[in-house]
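Below is one structure, written out as structure tokens, with a few remarks after it.
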Amino acid sequence: MGIDLFDVERLLLTEAAEPPLLPQDAEARDRVWDRAVRANPALFDGPVVACGGLERTDPRVLRLSWVRVTYRHYALRRVPGATALPSLFVNVAQPTDDGRVLAARMSPSTAAPGRWQLPGGSVEPPQDGALLDESALAGQAARELAEELGISAAAEVLKLWVVTRGENGSVGLTYLAPALPEAVVRADFTAAAAAERIQGRESELDDIALVRTPDELAGLAGPHADYLKPIVSRFSGGC
């Protein structure tokens with residue numbers, strides 16, 4: 001499947017309403033979601049942001065409309081004849097100072113067990129009275145980096161690097177973090193995982209790898225997020 005990559009310097013964000021849903025599609029969605037939760041009780045129906053539309057308005061400006069939904073909305077992908085909005089997520093390309101970039105593997109209890117991807121997660125809607133703007137998105141990316149890898153980076157130092165559009169039309173906002181020594185990256189990840197175990201929780205990520213090229217990435221056993229190879233190729237100068 002082809003992945004679209006957009007170079008971007010600025011995002012224009014507007015909120016849109018969730019499209020109306022036929023009652024029978026809503027009932028089928030709920031049945032699919034309930035089965036998924038029975039299979040994986042760690043799933044929860046929290047609030048998230050879906051992508052209502054993506055268009056280029058200038059050479060390096062994208063207009064993105066966003067919609068408040070919950071995770072069960074994406075169960076519509078398994079309902080024949082129904083249409084789910086594309087998901088919207090942030091992630092972070094974390095380089096090391098020797099020219100590699102980090103890939104992370106999802107833990108068994110997650111929605112994508114064993115999948116290699118960048119650290120990140122679904123965009124969350126703003127609290128009442130707050131804005132979902134470029135600063136807020138960078139803040140969410142910084143929070144994901146801290147929670148999943150234990151790496152502290154101010155939102156201001158994360159640069160929106162590329163926007164991807166892939167499977168199911170899902171849109172990813174990829175931020176580039178400042179490079180760090182490998183020893184720091186591994187120590188921070190180990191400490192974050194230990195802190196989760198102390199709290200009686202399983203880490204969302206159970207392994208990390210540092211890769212320099214798509215060929216090295218191909219050596220990681222298991223499924224890969226659809227955007228991961230194009231991102232690593234872009235990072236290594238391959239596109």
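Residue numbering restarts at 1 in every chain; chains get A, B, ... in the order shown in the structure tokens, and ligands count up from 1 in that same order.
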(message) I'd like the neighbourhood of region 213-219 of chain A as a list of chain:residue names, where a residue qualifies if any of its atoms comes within 7 Å (using only C-alpha atoms), though same-chain residues fewer than 5 positions away should be ignored.
(response) A:Lys229, A:Val232, A:Ser233, A:Ser236
Next, dump the selected residues to file, keeping only N, CA and C atoms, as a PDB file, in the first residue's frame.
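Okay, selection.pdb is ready:
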ATOM      1  N   LYS A 229       8.632   2.438   7.219  1.00  0.00           N
ATOM      2  CA  LYS A 229       9.675   2.361   6.200  1.00  0.00           C
ATOM      3  C   LYS A 229       9.844   3.684   5.457  1.00  0.00           C
ATOM      4  N   VAL A 232      11.745   6.077   7.793  1.00  0.00           N
ATOM      5  CA  VAL A 232      13.160   5.731   7.940  1.00  0.00           C
ATOM      6  C   VAL A 232      13.903   6.065   6.650  1.00  0.00           C
ATOM      7  N   SER A 233      13.267   5.801   5.512  1.00  0.00           N
ATOM      8  CA  SER A 233      13.894   6.148   4.227  1.00  0.00           C
ATOM      9  C   SER A 233      14.102   7.653   4.109  1.00  0.00           C
ATOM     10  N   SER A 236      17.003   8.663   6.335  1.00  0.00           N
ATOM     11  CA  SER A 236      18.316   8.267   5.852  1.00  0.00           C
ATOM     12  C   SER A 236      18.698   8.938   4.549  1.00  0.00           C
TER      13      SER A 236
END
(message) I want to know what sits within 9 Å of region 20-33 of chain A, based on only C-alpha atoms, with residues of the same chain fewer than 5 positions away left out; could you give that as a ChimeraX atom specification?
(response) /A:38,45,71-82
Dump N, CA, C and O atoms for the selected residues as a short mmCIF file (atom, residue, chain, number, x, y, z; two decimals), in the first residue's frame?
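New file again.cif:
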data_model
loop_
_atom_site.label_atom_id
_atom_site.label_comp_id
_atom_site.auth_asym_id
_atom_site.auth_seq_id
_atom_site.Cartn_x
_atom_site.Cartn_y
_atom_site.Cartn_z
N ARG A 38 -13.96 -7.73 24.78
CA ARG A 38 -13.93 -9.05 25.41
C ARG A 38 -12.63 -9.78 25.09
O ARG A 38 -12.08 -10.49 25.93
N ASP A 45 -12.73 3.01 25.74
CA ASP A 45 -13.43 3.86 24.78
C ASP A 45 -13.25 5.33 25.13
O ASP A 45 -14.20 6.06 25.37
N TYR A 71 -12.77 5.90 20.72
CA TYR A 71 -12.09 4.80 20.05
C TYR A 71 -13.06 3.85 19.35
O TYR A 71 -12.72 3.26 18.32
N ARG A 72 -14.26 3.67 19.88
CA ARG A 72 -15.18 2.72 19.26
C ARG A 72 -15.58 3.15 17.85
O ARG A 72 -16.05 2.33 17.06
N HIS A 73 -15.39 4.43 17.52
CA HIS A 73 -15.71 4.89 16.17
C HIS A 73 -14.99 4.05 15.12
O HIS A 73 -15.56 3.75 14.06
N TYR A 74 -13.74 3.64 15.41
CA TYR A 74 -12.94 2.94 14.42
C TYR A 74 -13.40 1.49 14.22
O TYR A 74 -12.95 0.84 13.26
N ALA A 75 -14.31 1.01 15.08
CA ALA A 75 -14.92 -0.30 14.83
C ALA A 75 -15.76 -0.27 13.56
O ALA A 75 -16.07 -1.33 13.00
N LEU A 76 -16.12 0.92 13.09
CA LEU A 76 -16.88 1.03 11.84
C LEU A 76 -16.09 0.46 10.66
O LEU A 76 -16.69 0.12 9.63
N ARG A 77 -14.78 0.37 10.77
CA ARG A 77 -13.98 -0.20 9.69
C ARG A 77 -14.35 -1.65 9.43
O ARG A 77 -14.08 -2.17 8.34
N ARG A 78 -14.95 -2.31 10.42
CA ARG A 78 -15.32 -3.72 10.28
C ARG A 78 -16.82 -3.90 10.08
O ARG A 78 -17.32 -5.01 10.19
N VAL A 79 -17.49 -2.82 9.80
CA VAL A 79 -18.93 -2.88 9.52
C VAL A 79 -19.13 -2.72 8.02
O VAL A 79 -18.84 -1.65 7.47
N PRO A 80 -19.61 -3.75 7.32
CA PRO A 80 -19.79 -3.65 5.87
C PRO A 80 -20.71 -2.49 5.49
O PRO A 80 -21.77 -2.31 6.08
N GLY A 81 -20.25 -1.68 4.55
CA GLY A 81 -21.04 -0.56 4.06
C GLY A 81 -20.89 0.72 4.86
O GLY A 81 -21.34 1.77 4.40
N ALA A 82 -20.31 0.64 6.05
CA ALA A 82 -20.13 1.84 6.88
C ALA A 82 -18.77 2.46 6.59
O ALA A 82 -17.86 1.81 6.07
#
List every residue of region 85-152 of chain A that has an atom at most 9 Å from any atom of region 191-195 of chain A, and for each one report the closest atom pair and its distance in Å to one decimal, counting only C-alpha atoms, with rows sorted by chain and then by increasing residue number, as a Markdown table.
| residue | atom | partner | partner_atom | distance |
| --- | --- | --- | --- | --- |
| A:Ala146 | CA | A:Ala192 | CA | 8.3 |
| A:Glu147 | CA | A:Ala192 | CA | 7.3 |
| A:Glu148 | CA | A:Ala192 | CA | 7.0 |
| A:Leu149 | CA | A:Ala192 | CA | 6.1 |
| A:Gly150 | CA | A:Ala192 | CA | 4.9 |
| A:Ile151 | CA | A:Ala192 | CA | 8.6 |
(request) Enter the distance from CA of Arg60 (chain A) to CA of Pro19 (chain A), in Å, rounded to one decimal. (result) 28.4 Å
(request) From a DSSP pass on the backbone, collect the residues of chain A flagged as helix (DSSP H, G or I) and hand them back as a PyMOL selection string. (result) chain A and resi 23-39+71-78+134-149+155-157+167-169+182-198+214-218+228-235
Set out as a tab-separated table a contact list for region 80-111 of chain A and region 203-211 of chain A with a cut-off of 12 Å, giving each residue of region 80-111 of chain A that qualifies its closest atom pair and distance in Å to one decimal, counting only C-alpha atoms, ordered by chain and rising residue number.
residue	atom	partner	partner_atom	distance
A:Ala93	CA	A:Leu210	CA	11.0
A:Gln94	CA	A:Leu210	CA	9.4
A:Pro95	CA	A:Leu210	CA	8.4
A:Thr96	CA	A:Leu210	CA	8.0
A:Asp97	CA	A:Leu210	CA	11.2
A:Asp98	CA	A:Leu210	CA	10.1
A:Gly99	CA	A:Val211	CA	8.7
A:Arg100	CA	A:Val211	CA	5.2
A:Val101	CA	A:Leu210	CA	5.4
A:Leu102	CA	A:Leu210	CA	4.6
A:Ala103	CA	A:Ala209	CA	5.3
A:Ala104	CA	A:Ile208	CA	4.3
A:Arg105	CA	A:Asp207	CA	5.2
A:Met106	CA	A:Leu205	CA	4.5
A:Ser107	CA	A:Leu205	CA	5.0
A:Pro108	CA	A:Asp206	CA	8.3
A:Ser109	CA	A:Glu204	CA	7.8
A:Thr110	CA	A:Glu204	CA	6.7
A:Ala111	CA	A:Glu204	CA	9.9
(request) Would you mind listing what lies within 7 Å of Glu124 (chain A) as number ranges by chain, with only C-alpha atoms counted and same-chain residues fewer than 5 positions away left out? (result) A: 47-49
With N, CA and C atoms retained, export the selected residues as a short mmCIF file (atom, residue, chain, number, x, y, z; two decimals), in the first residue's frame.
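To be explicit, this is the file written out as selection24.cif:
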data_model
loop_
_atom_site.label_atom_id
_atom_site.label_comp_id
_atom_site.auth_asym_id
_atom_site.auth_seq_id
_atom_site.Cartn_x
_atom_site.Cartn_y
_atom_site.Cartn_z
N PRO A 47 -11.90 9.40 24.64
CA PRO A 47 -12.04 10.41 23.59
C PRO A 47 -10.78 10.55 22.75
N VAL A 48 -10.96 10.64 21.45
CA VAL A 48 -9.86 10.84 20.53
C VAL A 48 -10.30 11.79 19.42
N VAL A 49 -9.37 12.14 18.58
CA VAL A 49 -9.64 13.03 17.45
C VAL A 49 -9.46 12.25 16.16
#
(message) Residues within 8 Å of Pro223 (chain A), please, as a PyMOL selection string. Count only C-alpha atoms; anything in the same chain fewer than 2 positions from it doesn't count.
(response) chain A and resi 114-116+221+225
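Computed from the coordinates, the CA of Gly53 (chain A) to CA of Ser65 (chain A) distance equals 5.1 Å.
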